[in-house]
$ cat input_31.cif   # mmCIF, C-alpha atoms
data_query
#
loop_
_atom_site.group_PDB
_atom_site.id
_atom_site.type_symbol
_atom_site.label_atom_id
_atom_site.label_comp_id
_atom_site.auth_asym_id
_atom_site.auth_seq_id
_atom_site.Cartn_x
_atom_site.Cartn_y
_atom_site.Cartn_z
ATOM 1 C CA MET A 1 -4.627 248.747 92.817
ATOM 2 C CA ALA A 2 -6.357 252.108 92.990
ATOM 3 C CA ILE A 3 -5.219 254.934 90.750
ATOM 4 C CA LYS A 4 -4.683 258.360 92.244
ATOM 5 C CA LYS A 5 -6.919 261.193 91.069
ATOM 6 C CA GLU A 6 -3.985 263.004 89.408
ATOM 7 C CA ARG A 7 -3.152 259.896 87.359
ATOM 8 C CA LYS A 8 -6.805 259.470 86.400
ATOM 9 C CA ASP A 9 -6.907 263.083 85.185
ATOM 10 C CA GLU A 10 -3.713 262.484 83.172
ATOM 11 C CA LEU A 11 -5.196 259.377 81.544
ATOM 12 C CA VAL A 12 -8.479 261.132 80.711
ATOM 13 C CA GLU A 13 -6.530 263.989 79.097
ATOM 14 C CA GLN A 14 -4.348 261.508 77.182
ATOM 15 C CA TYR A 15 -7.440 259.667 75.916
ATOM 16 C CA ARG A 16 -9.085 262.972 74.927
ATOM 17 C CA GLU A 17 -6.033 263.990 72.881
ATOM 18 C CA LEU A 18 -5.926 260.595 71.178
ATOM 19 C CA LEU A 19 -9.657 260.797 70.433
ATOM 20 C CA GLN A 20 -9.247 264.266 68.895
ATOM 21 C CA ASN A 21 -6.344 263.113 66.697
ATOM 22 C CA SER A 22 -7.984 259.854 65.616
ATOM 23 C CA SER A 23 -10.176 259.219 62.612
ATOM 24 C CA ALA A 24 -11.477 256.059 64.318
ATOM 25 C CA ILE A 25 -11.005 253.889 67.362
ATOM 26 C CA PHE A 26 -11.253 250.122 67.550
ATOM 27 C CA LEU A 27 -11.989 248.204 70.731
ATOM 28 C CA THR A 28 -10.524 244.767 71.291
ATOM 29 C CA GLN A 29 -10.374 242.230 74.066
ATOM 30 C CA TYR A 30 -6.932 240.786 74.595
ATOM 31 C CA GLY A 31 -7.307 238.467 77.604
ATOM 32 C CA GLY A 32 -4.686 235.734 77.652
ATOM 33 C CA MET A 33 -2.290 237.328 75.159
ATOM 34 C CA SER A 34 1.375 237.100 76.059
ATOM 35 C CA VAL A 35 3.495 240.198 76.513
ATOM 36 C CA LYS A 36 5.438 239.176 73.388
ATOM 37 C CA ASP A 37 2.220 238.987 71.329
ATOM 38 C CA LEU A 38 1.023 242.336 72.682
ATOM 39 C CA GLU A 39 4.346 243.963 71.821
ATOM 40 C CA ALA A 40 4.252 242.517 68.281
ATOM 41 C CA LEU A 41 0.697 243.840 67.921
ATOM 42 C CA ARG A 42 1.783 247.250 69.208
ATOM 43 C CA LEU A 43 4.548 247.413 66.554
ATOM 44 C CA LYS A 44 2.202 246.447 63.712
ATOM 45 C CA ILE A 45 -0.338 249.028 64.845
ATOM 46 C CA SER A 46 2.406 251.650 65.034
ATOM 47 C CA ASP A 47 3.435 250.775 61.445
ATOM 48 C CA ALA A 48 -0.211 251.363 60.436
ATOM 49 C CA GLN A 49 -0.049 254.863 61.969
ATOM 50 C CA GLY A 50 -2.013 253.860 65.006
ATOM 51 C CA GLN A 51 -1.597 253.528 68.720
ATOM 52 C CA ILE A 52 -2.974 250.890 71.057
ATOM 53 C CA ASN A 53 -3.557 251.465 74.758
ATOM 54 C CA VAL A 54 -4.906 249.207 77.424
ATOM 55 C CA THR A 55 -7.578 251.609 78.555
ATOM 56 C CA LYS A 56 -9.501 251.993 81.750
ATOM 57 C CA ASN A 57 -13.131 251.710 80.627
ATOM 58 C CA THR A 58 -14.502 254.316 83.010
ATOM 59 C CA LEU A 59 -11.787 256.824 82.136
ATOM 60 C CA LEU A 60 -12.219 256.235 78.386
ATOM 61 C CA ARG A 61 -15.964 256.752 78.831
ATOM 62 C CA VAL A 62 -15.293 260.073 80.632
ATOM 63 C CA ALA A 63 -12.862 261.175 77.896
ATOM 64 C CA MET A 64 -15.436 260.349 75.204
ATOM 65 C CA GLU A 65 -18.152 262.276 77.002
ATOM 66 C CA GLN A 66 -15.824 265.270 77.392
ATOM 67 C CA SER A 67 -15.110 265.034 73.643
ATOM 68 C CA ASP A 68 -18.857 265.052 72.855
ATOM 69 C CA ILE A 69 -18.784 261.433 71.716
ATOM 70 C CA THR A 70 -21.470 259.078 72.938
ATOM 71 C CA PRO A 71 -19.529 256.156 74.390
ATOM 72 C CA PRO A 72 -20.525 252.643 73.325
ATOM 73 C CA THR A 73 -21.103 251.506 76.909
ATOM 74 C CA GLU A 74 -22.011 247.947 75.865
ATOM 75 C CA LEU A 75 -18.505 247.578 74.373
ATOM 76 C CA LEU A 76 -16.638 249.027 77.330
ATOM 77 C CA ALA A 77 -16.642 245.971 79.575
ATOM 78 C CA GLY A 78 -13.837 243.678 80.643
ATOM 79 C CA GLN A 79 -10.216 243.987 79.571
ATOM 80 C CA VAL A 80 -10.364 246.424 76.664
ATOM 81 C CA ALA A 81 -7.509 247.631 74.505
ATOM 82 C CA THR A 82 -8.318 250.670 72.403
ATOM 83 C CA SER A 83 -6.579 251.215 69.080
ATOM 84 C CA PHE A 84 -6.531 254.800 67.867
ATOM 85 C CA ALA A 85 -6.308 255.368 64.085
ATOM 86 C CA LEU A 86 -3.968 258.336 63.806
ATOM 87 C CA GLY A 87 -3.674 257.670 60.063
ATOM 88 C CA GLU A 88 -6.150 255.901 57.794
ATOM 89 C CA ALA A 89 -8.867 253.937 59.580
ATOM 90 C CA PRO A 90 -9.045 251.073 57.011
ATOM 91 C CA THR A 91 -5.308 250.431 57.338
ATOM 92 C CA LEU A 92 -5.525 250.015 61.104
ATOM 93 C CA ALA A 93 -8.722 247.947 60.823
ATOM 94 C CA LYS A 94 -6.942 245.638 58.358
ATOM 95 C CA VAL A 95 -4.047 245.104 60.804
ATOM 96 C CA LEU A 96 -6.425 244.332 63.669
ATOM 97 C CA VAL A 97 -8.536 241.911 61.611
ATOM 98 C CA GLU A 98 -5.415 240.090 60.379
ATOM 99 C CA GLN A 99 -4.016 239.861 63.902
ATOM 100 C CA ALA A 100 -7.351 238.654 65.313
ATOM 101 C CA LYS A 101 -7.362 235.864 62.717
ATOM 102 C CA ALA A 102 -3.769 234.932 63.590
ATOM 103 C CA ASN A 103 -4.283 235.058 67.379
ATOM 104 C CA ASP A 104 -7.570 233.747 68.761
ATOM 105 C CA LYS A 105 -6.986 235.581 72.060
ATOM 106 C CA LEU A 106 -7.416 238.958 70.343
ATOM 107 C CA LYS A 107 -11.082 239.673 69.715
ATOM 108 C CA ILE A 108 -12.450 242.719 67.931
ATOM 109 C CA ILE A 109 -15.571 243.892 69.731
ATOM 110 C CA GLY A 110 -16.351 247.097 67.823
ATOM 111 C CA GLY A 111 -15.283 250.676 67.490
ATOM 112 C CA MET A 112 -16.161 254.231 66.608
ATOM 113 C CA LEU A 113 -15.765 255.977 63.256
ATOM 114 C CA GLY A 114 -16.011 259.632 64.154
ATOM 115 C CA ASP A 115 -19.016 259.682 66.459
ATOM 116 C CA ARG A 116 -20.674 256.638 64.854
ATOM 117 C CA PRO A 117 -20.430 253.307 66.700
ATOM 118 C CA LEU A 118 -19.186 250.312 64.712
ATOM 119 C CA THR A 119 -20.024 246.653 65.217
ATOM 120 C CA LYS A 120 -17.445 243.905 64.830
ATOM 121 C CA ALA A 121 -18.816 243.156 61.341
ATOM 122 C CA GLU A 122 -18.511 246.816 60.340
ATOM 123 C CA VAL A 123 -14.888 246.918 61.519
ATOM 124 C CA GLU A 124 -14.190 243.799 59.448
ATOM 125 C CA SER A 125 -15.927 245.414 56.471
ATOM 126 C CA LEU A 126 -13.881 248.592 56.938
ATOM 127 C CA ALA A 127 -10.740 246.450 56.778
ATOM 128 C CA THR A 128 -11.624 245.393 53.230
ATOM 129 C CA LEU A 129 -11.667 248.968 51.918
ATOM 130 C CA PRO A 130 -8.689 250.068 49.819
ATOM 131 C CA THR A 131 -6.146 252.439 51.323
ATOM 132 C CA LEU A 132 -5.927 256.058 50.230
ATOM 133 C CA ASP A 133 -2.870 255.278 48.075
ATOM 134 C CA GLN A 134 -4.744 252.424 46.369
ATOM 135 C CA LEU A 135 -7.705 254.723 45.686
ATOM 136 C CA ARG A 136 -5.381 257.355 44.225
ATOM 137 C CA ALA A 137 -3.826 254.755 41.916
ATOM 138 C CA GLN A 138 -7.286 253.638 40.774
ATOM 139 C CA ILE A 139 -8.346 257.224 40.075
ATOM 140 C CA ILE A 140 -5.164 257.935 38.134
ATOM 141 C CA GLY A 141 -5.786 254.775 36.121
ATOM 142 C CA LEU A 142 -9.344 255.877 35.362
ATOM 143 C CA ILE A 143 -8.187 259.345 34.341
ATOM 144 C CA SER A 144 -5.261 258.168 32.219
ATOM 145 C CA ALA A 145 -7.201 255.455 30.327
ATOM 146 C CA PRO A 146 -9.195 257.912 28.143
ATOM 147 C CA ALA A 147 -6.054 259.993 27.566
ATOM 148 C CA GLN A 148 -4.224 256.889 26.389
ATOM 149 C CA GLY A 149 -7.144 256.114 24.067
ATOM 150 C CA ILE A 150 -6.980 259.602 22.566
ATOM 151 C CA VAL A 151 -3.219 259.374 22.067
ATOM 152 C CA SER A 152 -3.636 255.961 20.461
ATOM 153 C CA ALA A 153 -6.385 257.210 18.105
ATOM 154 C CA VAL A 154 -4.363 260.273 17.050
ATOM 155 C CA THR A 155 -1.233 258.168 16.574
ATOM 156 C CA ASN A 156 -3.135 255.630 14.450
ATOM 157 C CA GLY A 157 -4.682 258.427 12.344
ATOM 158 C CA VAL A 158 -1.300 260.038 11.726
ATOM 159 C CA ARG A 159 0.224 256.628 10.922
ATOM 160 C CA GLN A 160 -2.515 255.986 8.334
ATOM 161 C CA VAL A 161 -1.942 259.385 6.668
ATOM 162 C CA VAL A 162 1.810 258.740 6.575
ATOM 163 C CA ASN A 163 1.221 255.269 5.066
ATOM 164 C CA VAL A 164 -1.052 256.707 2.350
ATOM 165 C CA LEU A 165 1.466 259.449 1.507
ATOM 166 C CA ASP A 166 4.273 256.871 1.470
ATOM 167 C CA ALA A 167 2.261 254.650 -0.905
ATOM 168 C CA TYR A 168 1.654 257.595 -3.283
ATOM 169 C CA ALA A 169 5.336 258.526 -3.139
ATOM 170 C CA LYS A 170 6.362 254.937 -3.947
ATOM 171 C CA LYS A 171 3.780 254.790 -6.769
ATOM 172 C CA ASP A 172 5.109 258.055 -8.250
ATOM 173 C CA ASP A 173 8.719 256.790 -7.915
ATOM 174 C CA ALA A 174 7.773 253.520 -9.622
ATOM 175 C CA ALA A 175 6.021 255.409 -12.459
ATOM 176 C CA ALA A 176 9.040 257.680 -12.917
ATOM 177 C CA ASP A 177 11.417 254.689 -12.944
ATOM 178 C CA SER A 178 9.330 252.885 -15.564
ATOM 179 C CA ALA A 179 9.126 256.069 -17.685
ATOM 180 C CA GLU A 180 12.923 256.396 -17.582
ATOM 181 C CA ALA A 181 13.348 252.762 -18.565
ATOM 182 C CA ALA A 182 10.958 253.128 -21.492
ATOM 183 C CA ALA A 183 12.566 256.318 -22.817
ATOM 184 C CA PRO A 184 15.141 255.815 -25.659
ATOM 185 C CA ALA A 185 18.703 256.618 -24.755
ATOM 186 C CA ALA A 186 19.895 259.853 -26.286
#
$ encode --input "input_31.cif" --output "structure tokens"
Amino acid sequence: MAIKKERKDELVEQYRELLQNSSAIFLTQYGGMSVKDLEALRLKISDAQGQINVTKNTLLRVAMEQSDITPPTELLAGQVATSFALGEAPTLAKVLVEQAKANDKLKIIGGMLGDRPLTKAEVESLATLPTLDQLRAQIIGLISAPAQGIVSAVTNGVRQVVNVLDAYAKKDDAAADSAEAAAPAA
């Protein structure tokens, strides 16, 4: 069924907006997937701050060219669903890789990270990267480890000084007690 020119213009504009708001896009083939599977995939992608659209290859190519992105023409063939990473790219890549492993009808064919084309292997590699929250936790751990070491060293030094002073105090108390015991009663 042919699409009217107005609808084509709407789709190109929609794709352009998604491209501008995306840190990455991932291209997948979905032939043979049930509507139920596609809807489940759509929900998981939405949870990963992404959006998936069954795109018209020619219109996506036009939108990319209008956005000054060189389209990966070799990837834009057949039934293509485009996932737009509106949040973190590794999070969306991880969802797609997991879903492709769970459903053999979903095939990752590549993507774009900014204006750089990605192969299937690069998308899978991107999926192994930690999320921004995980990186923050690692950095905080690296920063706090030396601080904890300093606190521990200072605490141990103070504890040793207190122990030495306590030992002298006990020694002086013991010497005073023995001097009192040795002194004749008056």
$ resolve_selection --input "input_31.cif" --expression "the PyMOL selection byres ((chain A and resi 132) around 12)" --output "ChimeraX atom specification"
/A:87-91,129-131,133-139
$ closest_residue --input "input_31.cif" --among "A:Asp115, A:Asp47, A:Asp68, A:Glu13" --to "Lys94 (chain A)" --atoms "only C-alpha atoms"
A:Asp47
$ atom_distance --input "input_31.cif" --atom1 "CA of Met33 (chain A)" --atom2 "CA of Asp104 (chain A)"
9.0 Å
$ atom_distance --input "input_31.cif" --atom1 "CA of Thr58 (chain A)" --atom2 "CA of Lys8 (chain A)"
9.9 Å
$ residues_around --input "input_31.cif" --residues "region 106-114 of chain A" --least-positions-apart "3" --cutoff "6 Å" --atoms "all atoms listed in the file" --output "list in words"
Ala24, Ile25, Phe26, Leu27, Thr28, Gln29, Tyr30, Ala100, Asn103, Pro117, Leu118, Thr119 and Lys120 of chain A
$ atom_distance --input "input_31.cif" --atom1 "CA of Glu65 (chain A)" --atom2 "CA of Val12 (chain A)"
10.4 Å
$ resolve_selection --input "input_31.cif" --expression "the PyMOL selection byres ((chain A and resi 62) around 12)" --output "MDAnalysis selection string"
chainID A and resid 8:9 11:16 19 55:61 63:73 76
